[in-house]
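This is final-v6.txt. It holds compact mmCIF, C-alpha atoms.
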```txt
# COMPACT_ATOMS: atom_id res chain seq x y z
CA MET G 240 220.83 10.47 86.63
CA LYS G 241 223.75 8.15 87.43
CA ILE G 242 224.16 7.23 91.11
CA LEU G 243 227.04 5.15 92.46
CA ILE G 244 226.38 3.35 95.75
CA VAL G 245 229.47 2.20 97.62
CA GLY G 246 228.96 -1.02 99.59
CA SER G 247 227.67 -4.57 99.33
CA GLY G 248 225.18 -5.13 102.15
CA GLY G 249 221.49 -5.01 102.91
CA ARG G 250 221.75 -1.29 103.69
CA GLU G 251 223.09 -0.55 100.21
CA HIS G 252 220.44 -2.73 98.55
CA ALA G 253 217.73 -0.87 100.51
CA ILE G 254 219.18 2.54 99.59
CA GLY G 255 219.30 1.53 95.94
CA TRP G 256 215.76 0.11 96.05
CA LYS G 257 214.48 3.42 97.41
CA LEU G 258 216.47 5.58 94.99
CA LYS G 259 215.26 3.45 92.07
CA GLN G 260 211.70 4.61 92.76
CA ASN G 261 212.73 7.82 91.01
CA PRO G 262 212.38 6.91 87.31
CA VAL G 263 215.37 9.00 86.15
CA VAL G 264 217.84 7.11 88.37
CA ASN G 265 220.37 4.61 87.00
CA LEU G 266 222.25 2.69 89.70
CA PHE G 267 225.80 1.40 89.96
CA PHE G 268 227.03 -0.56 93.00
CA ALA G 269 230.63 -1.04 94.10
CA PRO G 270 230.94 -3.90 94.65
CA GLY G 271 227.24 -4.76 95.25
CA ASN G 272 225.73 -8.21 95.80
CA GLY G 273 223.39 -10.75 94.26
CA GLY G 274 220.37 -8.54 94.86
CA THR G 275 221.77 -5.19 93.79
CA GLU G 276 222.53 -6.39 90.27
CA GLU G 277 218.80 -6.90 89.79
CA ILE G 278 218.26 -3.12 90.08
CA GLY G 279 221.58 -1.79 88.80
CA GLU G 280 225.07 -2.67 87.63
CA ASN G 281 227.66 -4.15 89.97
CA ILE G 282 231.17 -2.71 89.60
CA PRO G 283 234.16 -4.81 90.81
CA ILE G 284 235.73 -2.15 93.03
CA ASN G 285 236.07 -2.70 96.78
CA VAL G 286 234.90 -0.13 99.31
CA ASP G 287 238.44 0.64 100.51
CA GLU G 288 239.74 1.41 97.01
CA VAL G 289 239.06 5.12 97.34
CA ASN G 290 241.08 6.33 94.36
CA LYS G 291 239.63 3.67 92.06
CA LEU G 292 236.12 4.67 93.12
CA ALA G 293 236.86 8.32 92.39
CA ASP G 294 238.43 7.39 89.05
CA TYR G 295 235.32 5.41 88.11
CA ALA G 296 232.95 8.21 89.12
CA GLU G 297 235.02 10.73 87.15
CA ARG G 298 235.40 8.53 84.09
CA THR G 299 231.75 7.48 83.79
CA GLY G 300 230.08 10.77 84.73
CA ILE G 301 228.48 9.69 87.99
CA ASP G 302 226.16 12.48 89.19
CA ILE G 303 226.29 11.60 92.89
CA THR G 304 227.99 8.90 94.97
CA VAL G 305 226.33 7.54 98.11
CA VAL G 306 228.61 5.89 100.67
CA GLY G 307 227.04 3.03 102.64
CA PRO G 308 229.68 1.64 105.06
CA GLU G 309 231.91 3.50 107.48
CA LEU G 310 235.32 2.25 106.28
CA PRO G 311 235.63 4.35 103.10
CA LEU G 312 234.45 7.40 105.03
CA THR G 313 237.21 6.99 107.62
CA LEU G 314 239.68 6.44 104.76
CA GLY G 315 238.77 9.84 103.31
CA ILE G 316 236.64 8.99 100.28
CA THR G 317 234.70 12.24 100.65
CA ASP G 318 237.89 14.30 100.80
CA GLU G 319 239.17 12.63 97.61
CA PHE G 320 235.88 13.17 95.78
CA ASN G 321 235.70 16.79 96.94
CA LYS G 322 239.23 17.40 95.60
CA ARG G 323 237.96 16.29 92.20
CA ASN G 324 234.70 18.28 92.43
CA LEU G 325 232.69 15.04 92.47
CA LYS G 326 229.38 15.13 94.33
CA ILE G 327 229.26 12.69 97.25
CA PHE G 328 226.84 11.92 100.10
CA GLY G 329 228.97 11.27 103.18
CA PRO G 330 231.09 13.23 105.69
CA CYS G 331 234.79 14.07 105.47
CA ALA G 332 237.43 11.93 107.19
CA GLU G 333 237.76 14.28 110.16
CA ALA G 334 234.01 14.09 110.85
CA ALA G 335 234.08 10.32 110.29
CA LYS G 336 236.22 10.04 113.45
CA LEU G 337 232.93 10.37 115.32
CA GLU G 338 232.49 6.71 114.39
CA GLY G 339 236.05 5.69 113.66
CA SER G 340 237.32 6.60 117.14
CA LYS G 341 235.17 6.10 120.23
CA ALA G 342 237.63 8.20 122.25
CA PHE G 343 237.29 11.04 119.74
CA ALA G 344 233.49 10.80 119.89
CA LYS G 345 233.43 10.85 123.70
CA GLN G 346 235.70 13.90 123.76
CA PHE G 347 233.44 15.60 121.20
CA MET G 348 230.38 14.91 123.39
CA LYS G 349 232.09 16.17 126.51
CA LYS G 350 233.31 19.33 124.79
CA HIS G 351 229.87 20.17 123.41
CA SER G 352 227.83 19.26 126.52
CA ILE G 353 226.10 16.30 124.91
CA PRO G 354 224.88 13.87 127.59
CA THR G 355 226.70 10.52 127.57
CA ALA G 356 228.13 7.91 129.95
CA ASN G 357 231.12 8.74 132.13
CA TYR G 358 234.26 7.26 130.61
CA ASN G 359 238.03 6.79 130.65
CA VAL G 360 240.41 6.18 127.76
CA ILE G 361 242.91 3.38 128.43
CA THR G 362 246.21 2.84 126.60
CA ASN G 363 247.72 -0.13 128.50
CA MET G 364 246.84 -3.02 130.80
CA GLU G 365 248.33 -1.46 133.93
CA GLU G 366 246.11 1.62 133.91
CA GLY G 367 243.15 -0.49 132.82
CA GLU G 368 243.58 -2.91 135.74
CA LYS G 369 243.81 -0.01 138.19
CA LEU G 370 240.62 1.52 136.86
CA ILE G 371 238.74 -1.78 136.92
CA ALA G 372 239.85 -2.46 140.50
CA ASN G 373 237.97 0.69 141.56
CA SER G 374 234.95 0.24 139.28
CA SER G 375 231.42 -0.79 140.09
CA PHE G 376 229.86 -3.34 137.76
CA PRO G 377 228.70 -3.83 135.13
CA VAL G 378 231.08 -1.71 133.04
CA VAL G 379 231.35 -1.39 129.27
CA VAL G 380 234.67 -2.04 127.53
CA LYS G 381 234.92 -0.72 123.96
CA ALA G 382 237.62 -1.06 121.32
CA ASN G 383 238.39 2.46 120.16
CA GLY G 384 238.32 1.81 116.41
CA LEU G 385 236.09 0.09 113.88
CA ALA G 386 235.28 -3.50 114.83
CA ALA G 387 232.28 -4.40 112.63
CA GLY G 388 229.85 -3.80 115.49
CA LYS G 389 231.55 -6.41 117.68
CA GLY G 390 233.99 -4.28 119.69
CA VAL G 391 231.71 -3.58 122.66
CA VAL G 392 231.72 -5.89 125.70
CA ILE G 393 229.40 -5.51 128.68
CA CYS G 394 231.35 -6.88 131.64
CA MET G 395 229.49 -8.09 134.70
CA ASP G 396 232.53 -8.50 136.97
CA ARG G 397 236.26 -7.80 137.26
CA GLU G 398 237.28 -11.06 135.58
CA GLU G 399 235.21 -10.37 132.47
CA ALA G 400 236.55 -6.81 132.28
CA ILE G 401 240.19 -7.93 132.55
CA THR G 402 239.59 -10.58 129.86
CA ALA G 403 238.04 -8.01 127.53
CA LEU G 404 240.96 -5.64 128.09
CA LYS G 405 243.52 -8.37 127.40
CA ASN G 406 241.71 -9.43 124.24
CA MET G 407 241.87 -5.89 122.92
CA LEU G 408 245.18 -4.52 124.23
CA VAL G 409 247.35 -7.65 124.42
CA THR G 410 245.93 -10.39 122.18
CA GLY G 411 244.79 -7.81 119.65
CA ILE G 412 241.62 -9.54 118.47
CA PHE G 413 240.49 -6.28 116.83
CA GLY G 414 243.92 -5.30 115.51
CA GLU G 415 244.70 -1.58 115.58
CA ALA G 416 241.07 -0.88 116.54
CA GLY G 417 241.90 -2.16 120.04
CA ASN G 418 245.12 -0.18 120.60
CA LEU G 419 243.04 2.26 122.64
CA VAL G 420 240.15 1.15 124.84
CA VAL G 421 237.27 3.16 126.27
CA ILE G 422 235.90 2.00 129.62
CA GLU G 423 232.59 3.61 130.48
CA GLU G 424 229.75 3.34 132.94
CA TYR G 425 226.91 0.99 132.11
CA LEU G 426 223.70 2.88 131.44
CA ILE G 427 220.24 1.38 131.94
CA GLY G 428 217.39 2.13 129.56
CA LYS G 429 215.84 1.37 126.20
CA GLU G 430 218.02 1.96 123.16
CA VAL G 431 216.82 3.97 120.17
CA SER G 432 218.47 4.66 116.83
CA LEU G 433 217.91 8.26 115.76
CA LEU G 434 219.21 8.84 112.25
CA CYS G 435 219.31 12.39 110.90
CA PHE G 436 219.95 13.94 107.53
CA THR G 437 222.39 16.86 107.77
CA ASP G 438 224.19 19.10 105.32
CA GLY G 439 226.32 20.61 108.08
CA GLU G 440 224.03 23.64 108.30
CA ALA G 441 220.62 22.07 109.04
CA ILE G 442 219.62 18.78 110.60
CA ILE G 443 216.38 16.82 110.11
CA PRO G 444 215.77 13.71 112.24
CA MET G 445 214.26 10.73 110.49
CA GLU G 446 211.71 8.42 112.05
CA THR G 447 213.25 6.29 114.79
CA ALA G 448 214.19 2.61 114.86
CA SER G 449 215.34 0.05 117.41
CA ASP G 450 217.72 -2.75 116.46
CA TYR G 451 218.44 -6.17 117.92
CA LYS G 452 222.16 -6.76 118.39
CA ARG G 453 222.29 -10.15 120.10
CA ALA G 454 222.38 -13.33 118.04
CA LEU G 455 219.65 -15.20 119.92
CA ASP G 456 216.09 -14.62 121.11
CA ASN G 457 215.51 -12.64 124.31
CA ASP G 458 218.74 -10.71 123.72
CA MET G 459 220.93 -13.70 124.43
CA GLY G 460 224.09 -14.83 122.67
CA ALA G 461 226.95 -12.95 121.08
CA ASN G 462 226.90 -9.37 119.83
CA THR G 463 226.35 -9.12 116.08
CA GLY G 464 226.12 -6.43 113.43
CA GLY G 465 222.35 -6.61 113.92
CA MET G 466 219.78 -9.42 113.70
CA GLY G 467 216.76 -7.23 113.00
CA SER G 468 215.11 -3.89 113.59
CA ILE G 469 211.75 -2.20 113.97
CA SER G 470 210.48 1.27 113.13
CA PRO G 471 209.28 3.45 114.72
CA SER G 472 210.85 2.70 118.09
CA PRO G 473 208.02 2.04 120.57
CA TYR G 474 210.15 3.53 123.35
CA TYR G 475 210.60 6.99 121.84
CA THR G 476 208.47 10.09 122.30
CA PRO G 477 208.60 12.38 119.24
CA GLY G 478 211.00 15.27 119.82
CA LEU G 479 212.82 13.57 122.70
CA GLY G 480 216.15 13.61 120.89
CA ASP G 481 215.84 16.97 119.18
CA GLU G 482 218.02 18.82 121.69
CA ILE G 483 220.80 16.23 121.32
CA ALA G 484 220.51 16.37 117.52
CA ASN G 485 220.78 20.18 117.60
CA LYS G 486 223.74 20.09 119.99
CA THR G 487 225.42 17.57 117.70
CA LEU G 488 224.94 19.90 114.73
CA ASP G 489 226.27 22.83 116.78
CA GLY G 490 229.35 20.74 117.59
CA ILE G 491 229.83 19.82 113.93
CA LYS G 492 229.66 23.51 112.98
CA SER G 493 231.97 24.54 115.82
CA GLU G 494 234.60 21.97 114.80
CA GLY G 495 234.36 23.03 111.16
CA PHE G 496 233.63 19.51 109.96
CA GLY G 497 232.64 19.05 106.33
CA TYR G 498 229.49 17.10 107.04
CA CYS G 499 227.13 16.05 104.31
CA GLY G 500 225.09 12.88 104.80
CA VAL G 501 223.58 10.99 107.72
CA ILE G 502 224.51 11.21 111.39
CA TYR G 503 223.31 8.22 113.37
CA ILE G 504 222.76 8.99 117.06
CA GLY G 505 222.57 5.88 119.22
CA LEU G 506 220.43 6.94 122.18
CA ILE G 507 219.69 5.28 125.49
CA LEU G 508 216.64 6.53 127.37
CA THR G 509 217.74 6.66 131.00
CA ASP G 510 215.86 7.85 134.08
CA ASN G 511 217.94 11.01 133.77
CA GLY G 512 216.90 11.64 130.19
CA PRO G 513 218.28 10.53 126.82
CA LYS G 514 222.03 10.05 126.50
CA VAL G 515 224.27 9.21 123.55
CA LEU G 516 225.81 5.74 123.44
CA GLU G 517 227.56 6.22 120.10
CA TYR G 518 227.65 8.04 116.80
CA ASN G 519 227.71 6.45 113.36
CA VAL G 520 228.41 8.63 110.34
CA ARG G 521 226.19 6.79 107.86
CA PHE G 522 222.92 4.90 107.56
CA GLY G 523 222.61 2.13 110.15
CA ASP G 524 222.30 -1.52 109.22
CA PRO G 525 219.71 -3.09 109.63
CA GLU G 526 217.85 0.08 110.67
CA THR G 527 217.92 1.32 107.07
CA GLU G 528 216.03 -1.77 105.92
CA ALA G 529 213.22 -0.89 108.36
CA LEU G 530 213.27 2.88 107.82
CA LEU G 531 213.34 3.29 104.05
CA PRO G 532 210.16 1.27 103.34
CA ARG G 533 208.39 3.87 105.54
CA LEU G 534 209.88 6.87 103.70
CA GLU G 535 207.29 8.45 101.42
CA SER G 536 209.47 11.28 100.09
CA ASP G 537 211.93 10.96 97.19
CA LEU G 538 215.28 9.87 98.66
CA CYS G 539 217.11 11.09 95.56
CA GLN G 540 215.77 14.63 96.03
CA ILE G 541 216.69 14.56 99.74
CA MET G 542 220.25 13.47 98.99
CA MET G 543 220.66 16.13 96.32
CA ALA G 544 219.36 18.76 98.75
CA VAL G 545 221.94 17.59 101.32
CA THR G 546 224.85 17.75 98.87
CA ASP G 547 223.67 21.16 97.61
CA LYS G 548 223.37 22.55 101.17
CA LYS G 549 219.62 23.07 100.73
CA LEU G 550 218.33 20.61 103.36
CA SER G 551 216.56 23.31 105.38
CA GLY G 552 213.99 23.64 102.60
CA CYS G 553 213.12 19.92 102.58
CA LYS G 554 209.81 18.50 103.77
CA ILE G 555 210.25 14.79 104.52
CA ASN G 556 207.20 12.57 104.85
CA TRP G 557 206.91 9.17 106.50
CA SER G 558 204.27 6.45 106.53
CA ASP G 559 202.39 5.77 109.77
CA GLN G 560 202.81 2.03 109.20
CA LYS G 561 205.02 -0.09 111.42
CA ALA G 562 208.03 -1.92 109.99
CA VAL G 563 209.57 -5.20 111.17
CA CYS G 564 212.89 -6.28 109.65
CA VAL G 565 214.33 -9.74 110.35
CA VAL G 566 217.86 -10.72 109.33
CA LEU G 567 218.46 -14.22 107.98
CA ALA G 568 222.01 -15.22 108.82
CA SER G 569 224.37 -18.10 108.13
CA GLU G 570 224.69 -20.84 110.74
CA GLY G 571 227.62 -19.91 113.01
CA TYR G 572 227.35 -16.13 112.57
CA PRO G 573 228.80 -13.97 114.17
CA GLY G 574 231.53 -16.58 114.50
CA GLU G 575 232.80 -18.84 111.74
CA TYR G 576 230.34 -19.85 109.04
CA GLU G 577 230.28 -21.48 105.62
CA THR G 578 229.08 -19.85 102.39
CA GLY G 579 228.12 -21.00 98.90
CA PHE G 580 224.71 -22.46 99.73
CA GLU G 581 221.91 -22.02 97.20
CA VAL G 582 219.31 -19.41 98.15
CA ASP G 583 215.68 -19.82 97.08
CA ILE G 584 213.47 -16.72 97.39
CA PRO G 585 209.88 -17.22 96.22
CA LYS G 586 207.44 -14.36 95.69
CA THR G 587 206.87 -12.55 99.01
CA LYS G 588 204.73 -9.77 100.43
CA SER G 589 207.80 -8.55 102.30
CA PHE G 590 210.70 -6.53 100.92
CA VAL G 591 213.75 -8.78 100.64
CA PHE G 592 217.06 -6.91 100.81
CA HIS G 593 220.20 -8.88 100.01
CA ALA G 594 223.11 -8.57 102.44
CA GLY G 595 225.43 -11.52 101.83
CA THR G 596 224.57 -13.09 98.47
CA VAL G 597 226.25 -13.49 95.11
CA ALA G 598 224.98 -14.75 91.75
CA GLU G 599 227.29 -17.51 90.52
CA GLU G 600 227.53 -19.60 87.39
CA GLN G 601 226.69 -23.24 88.08
CA PRO G 602 228.31 -26.12 86.14
CA GLY G 603 226.05 -27.28 83.33
CA GLU G 604 223.50 -24.50 83.86
CA GLN G 605 222.91 -21.44 81.70
CA SER G 606 221.35 -19.23 84.37
CA LEU G 607 223.06 -17.81 87.43
CA GLN G 608 222.36 -19.28 90.87
CA LEU G 609 222.03 -17.11 93.95
CA VAL G 610 224.22 -18.40 96.80
CA THR G 611 225.15 -17.23 100.29
CA ASP G 612 228.25 -15.06 100.54
CA GLY G 613 228.27 -13.62 104.07
CA GLY G 614 227.25 -13.91 107.69
CA ARG G 615 224.11 -11.83 107.28
CA VAL G 616 222.46 -13.12 104.12
CA LEU G 617 219.09 -11.36 103.77
CA ALA G 618 217.10 -8.66 105.56
CA VAL G 619 213.35 -9.26 105.20
CA THR G 620 211.02 -6.33 105.97
CA ALA G 621 207.24 -6.16 106.22
CA LEU G 622 204.90 -3.26 106.91
CA GLY G 623 201.66 -3.38 108.87
CA SER G 624 199.18 -1.19 110.72
CA ASN G 625 200.78 -2.54 113.92
CA PHE G 626 203.87 -4.55 114.78
CA GLU G 627 201.96 -7.80 115.19
CA ASP G 628 200.49 -7.58 111.69
CA ALA G 629 203.93 -6.83 110.25
CA ARG G 630 205.42 -9.75 112.21
CA LYS G 631 202.86 -12.17 110.79
CA VAL G 632 203.74 -11.19 107.23
CA VAL G 633 207.50 -11.21 107.66
CA TYR G 634 207.72 -14.53 109.51
CA ASP G 635 205.35 -16.20 107.05
CA ASP G 636 207.60 -15.05 104.20
CA ILE G 637 210.74 -16.14 106.06
CA SER G 638 209.37 -19.68 106.28
CA LYS G 639 209.29 -19.79 102.46
CA ILE G 640 212.85 -18.53 101.92
CA GLN G 641 215.33 -21.39 101.92
CA PHE G 642 219.09 -21.82 102.23
CA GLU G 643 221.15 -24.31 104.19
CA GLY G 644 221.96 -23.16 107.72
CA LYS G 645 219.32 -20.39 107.75
CA LYS G 646 219.33 -18.80 111.20
CA TYR G 647 217.21 -15.95 112.58
CA ARG G 648 215.62 -14.56 115.70
CA THR G 649 211.92 -15.23 116.24
CA ASP G 650 211.23 -12.33 118.59
CA ILE G 651 211.84 -9.26 116.39
CA GLY G 652 209.05 -6.78 117.04
CA ALA G 653 207.35 -8.95 119.65
CA THR G 654 205.35 -7.00 122.20
CA LYS G 655 206.37 -7.67 125.78
```
Hey, can you dump this file as structure tokens for me?
Amino acid sequence: MKILIVGSGGREHAIGWKLKQNPVVNLFFAPGNGGTEEIGENIPINVDEVNKLADYAERTGIDITVVGPELPLTLGITDEFNKRNLKIFGPCAEAAKLEGSKAFAKQFMKKHSIPTANYNVITNMEEGEKLIANSSFPVVVKANGLAAGKGVVICMDREEAITALKNMLVTGIFGEAGNLVVIEEYLIGKEVSLLCFTDGEAIIPMETASDYKRALDNDMGANTGGMGSISPSPYYTPGLGDEIANKTLDGIKSEGFGYCGVIYIGLILTDNGPKVLEYNVRFGDPETEALLPRLESDLCQIMMAVTDKKLSGCKINWSDQKAVCVVLASEGYPGEYETGFEVDIPKTKSFVFHAGTVAEEQPGEQSLQLVTDGGRVLAVTALGSNFEDARKVVYDDISKIQFEGKKYRTDIGATK
């Protein structure tokens, strides 16, 4: 079976690693990274080249395409593949607005009685300043569109809120993604990532995870795409999010969305019950790197059941072990950083998923050298009977992995 995985990060490496456990699977990654080419073939097509990806899948007889990142989904890759009768794991462009537009997602939640924070959609500075003048703090200011996980600012006072608004609406630091801004109430509670498989007719929640967004220990520093994750979330009671998951599916059905893939429900557990912070329309990153090592069922069979609209008949099994995933990043991330540093990965007990690496030819050498090629370089995951045991393994392995400027949090999975 030929499977094309679209993307180049740690999430895509982890998906491929899990799919490869099925012996009939042959993997192709577009464009992939230094780790993915160890388990499949990297194809030089970028994630936003939707027609080229469809052409490749058609020409080479790909049996199913799995979309990792959100960008190609919002660009309509699923719609293009469906037009050509090519099997693909990922929602249509209209459904992808649940991630691609925060305003769209909030309106969807309101319409379908899904609990979330109170909000307003702002189109210009004048109305934003008026709203902020009458707000209590903190408030959350969000760029409407895709901003690589960095478009959310928690503002503690009026000055911070005005600055965030100006950065988005006037300065345009997020480009078109900041042309609309959502200002919403700040909710207090523990955050939980609830990912669900859905074929648009049935929905099956996965095990939970919690991620670590801030760059530095103790949740300090800048927002990032994620510096680590743990699974299961220690804050979640099984079944707590089932009603929200079912309401989300009801909304998807009601809107007539062509949904086939993963819906990521970002929950916050407030004193008034769980509420939705955001939707993603694909596997989370780095939650995937913590979740998939715990999945005992065949991911290939699950994905085929989703694309064939047979998810309701699936039984999905998970390990009871705890997972701790720590991201190794480049010095300077999430700001400016340098790449091209040699990466040395000795034998480890942990799973090492590549996020920002590339294998390059070195002058005078016959073999390829793995070098850094991104802000998040590796995601290292260990399993244990408890979080502390998993932490010991993962941090011991991290100490052995070397590249210049290696940066990571030391508190992932720490009990408080």
Find the nearest atom pair between each residue of stretch 249-272 of chain G and stretch 532-553 of chain G for residues within 9 Å, count all atoms listed in the file, give distances in Å to one decimal, sort rows by chain and ascending number, and present the table as a tab-separated table.
```
residue	atom	partner	partner_atom	distance
G:Ala253	CA	G:Pro532	CA	8.4
G:Ile254	CA	G:Leu538	CA	8.4
G:Lys257	CA	G:Leu538	CA	6.6
G:Leu258	CA	G:Cys539	CA	5.6
G:Lys259	CA	G:Cys539	CA	8.6
G:Gln260	CA	G:Asp537	CA	7.7
G:Asn261	CA	G:Asp537	CA	7.0
G:Val264	CA	G:Cys539	CA	8.3
```
With 6 Å as the cut-off and all atoms listed in the file counted, what is the closest atom pair between each nearby residue of stretch 394-498 of chain G and stretch 327-346 of chain G? Distances in Å to one decimal, ordered by chain and number, as JSON lines.
```
{"residue": "G:Phe496", "atom": "CA", "partner": "G:Ala334", "partner_atom": "CA", "distance": 5.5}
{"residue": "G:Gly497", "atom": "CA", "partner": "G:Cys331", "partner_atom": "CA", "distance": 5.5}
{"residue": "G:Tyr498", "atom": "CA", "partner": "G:Pro330", "partner_atom": "CA", "distance": 4.4}
```
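Closest approach to G:Asn418 from the set G:Leu434, G:Val565, G:Ile361, G:Ile443 is made by G:Ile361, with distances taken over all atoms listed in the file.
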Can you tell me how far atom CA of G:Gly274 sits from atom CA of G:Lys646, in Å to one decimal?
-> 19.3 Å
Residues proximal to (203.5, -12.2, 110.3) were defined as those with any atom within 12 Å of that point in the file's coordinates, counting only C-alpha atoms. Which are they, as a PDB file with C-alpha atoms, in the coordinates of the input?
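Saved to point_34.pdb:
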```
ATOM      1  CA  ALA G 562     208.030  -1.920 109.990  1.00  0.00           C
ATOM      2  CA  VAL G 563     209.570  -5.200 111.170  1.00  0.00           C
ATOM      3  CA  CYS G 564     212.890  -6.280 109.650  1.00  0.00           C
ATOM      4  CA  VAL G 565     214.330  -9.740 110.350  1.00  0.00           C
ATOM      5  CA  THR G 587     206.870 -12.550  99.010  1.00  0.00           C
ATOM      6  CA  LYS G 588     204.730  -9.770 100.430  1.00  0.00           C
ATOM      7  CA  SER G 589     207.800  -8.550 102.300  1.00  0.00           C
ATOM      8  CA  VAL G 619     213.350  -9.260 105.200  1.00  0.00           C
ATOM      9  CA  THR G 620     211.020  -6.330 105.970  1.00  0.00           C
ATOM     10  CA  ALA G 621     207.240  -6.160 106.220  1.00  0.00           C
ATOM     11  CA  LEU G 622     204.900  -3.260 106.910  1.00  0.00           C
ATOM     12  CA  GLY G 623     201.660  -3.380 108.870  1.00  0.00           C
ATOM     13  CA  SER G 624     199.180  -1.190 110.720  1.00  0.00           C
ATOM     14  CA  ASN G 625     200.780  -2.540 113.920  1.00  0.00           C
ATOM     15  CA  PHE G 626     203.870  -4.550 114.780  1.00  0.00           C
ATOM     16  CA  GLU G 627     201.960  -7.800 115.190  1.00  0.00           C
ATOM     17  CA  ASP G 628     200.490  -7.580 111.690  1.00  0.00           C
ATOM     18  CA  ALA G 629     203.930  -6.830 110.250  1.00  0.00           C
ATOM     19  CA  ARG G 630     205.420  -9.750 112.210  1.00  0.00           C
ATOM     20  CA  LYS G 631     202.860 -12.170 110.790  1.00  0.00           C
ATOM     21  CA  VAL G 632     203.740 -11.190 107.230  1.00  0.00           C
ATOM     22  CA  VAL G 633     207.500 -11.210 107.660  1.00  0.00           C
ATOM     23  CA  TYR G 634     207.720 -14.530 109.510  1.00  0.00           C
ATOM     24  CA  ASP G 635     205.350 -16.200 107.050  1.00  0.00           C
ATOM     25  CA  ASP G 636     207.600 -15.050 104.200  1.00  0.00           C
ATOM     26  CA  ILE G 637     210.740 -16.140 106.060  1.00  0.00           C
ATOM     27  CA  SER G 638     209.370 -19.680 106.280  1.00  0.00           C
ATOM     28  CA  THR G 649     211.920 -15.230 116.240  1.00  0.00           C
ATOM     29  CA  ASP G 650     211.230 -12.330 118.590  1.00  0.00           C
ATOM     30  CA  ILE G 651     211.840  -9.260 116.390  1.00  0.00           C
ATOM     31  CA  GLY G 652     209.050  -6.780 117.040  1.00  0.00           C
ATOM     32  CA  ALA G 653     207.350  -8.950 119.650  1.00  0.00           C
TER      33      ALA G 653
END
```
Fewer than 5 positions away in the same chain doesn't count, so skip those; otherwise give me all residues within 7 Å of stretch 380-394 of chain G, counting all atoms listed in the file, as an mmCIF file with C-alpha atoms, in the coordinates of the input.
```
data_model
loop_
_atom_site.group_PDB
_atom_site.id
_atom_site.type_symbol
_atom_site.label_atom_id
_atom_site.label_comp_id
_atom_site.auth_asym_id
_atom_site.auth_seq_id
_atom_site.Cartn_x
_atom_site.Cartn_y
_atom_site.Cartn_z
ATOM 1 C CA GLY G 339 236.050 5.690 113.660
ATOM 2 C CA SER G 340 237.320 6.600 117.140
ATOM 3 C CA LYS G 341 235.170 6.100 120.230
ATOM 4 C CA ALA G 342 237.630 8.200 122.250
ATOM 5 C CA GLU G 399 235.210 -10.370 132.470
ATOM 6 C CA ALA G 400 236.550 -6.810 132.280
ATOM 7 C CA ALA G 403 238.040 -8.010 127.530
ATOM 8 C CA MET G 407 241.870 -5.890 122.920
ATOM 9 C CA PHE G 413 240.490 -6.280 116.830
ATOM 10 C CA ALA G 416 241.070 -0.880 116.540
ATOM 11 C CA GLY G 417 241.900 -2.160 120.040
ATOM 12 C CA LEU G 419 243.040 2.260 122.640
ATOM 13 C CA VAL G 420 240.150 1.150 124.840
ATOM 14 C CA VAL G 421 237.270 3.160 126.270
ATOM 15 C CA ILE G 422 235.900 2.000 129.620
ATOM 16 C CA GLU G 423 232.590 3.610 130.480
ATOM 17 C CA ASN G 462 226.900 -9.370 119.830
ATOM 18 C CA THR G 463 226.350 -9.120 116.080
ATOM 19 C CA GLY G 464 226.120 -6.430 113.430
#
```
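Among the candidates G:Met348, G:Val409, G:Ala598, G:Ala293, the one nearest to G:Met364 when counting all atoms listed in the file is G:Val409.
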Of the candidates G:Pro471, G:Asn373, G:Glu424, G:Asn363, which shows the shortest atom-to-atom distance to G:Lys405, using all atoms listed in the file?
-> G:Asn363
G:Glu643 environment, 10 Å, only C-alpha atoms, sequence neighbours closer than 3 positions dropped, as an MDAnalysis selection string = chainID G and resid 569:570 577:582 610:611 646
Using only C-alpha atoms, which residues sit within 10 Å of G:Ile504 once same-chain residues fewer than 3 positions away are excluded, as a PyMOL selection string?
-> chain G and resi 431-435+444+480+483-484+487+501+507+514-520+523
Can you list, as an MDAnalysis selection string, every protein, DNA or RNA residue that comes within 7 Å of G:Arg648 when you count only C-alpha atoms, leaving out same-chain residues fewer than 3 positions away?
-> chainID G and resid 455:456 466 651
Selection export as a PDB file, keeping the file's coordinate frame, atoms kept: C-alpha atoms:
```pdb
ATOM      1  CA  LEU G 455     219.650 -15.200 119.920  1.00  0.00           C
ATOM      2  CA  ASP G 456     216.090 -14.620 121.110  1.00  0.00           C
ATOM      3  CA  MET G 466     219.780  -9.420 113.700  1.00  0.00           C
ATOM      4  CA  ILE G 651     211.840  -9.260 116.390  1.00  0.00           C
TER       5      ILE G 651
END
```
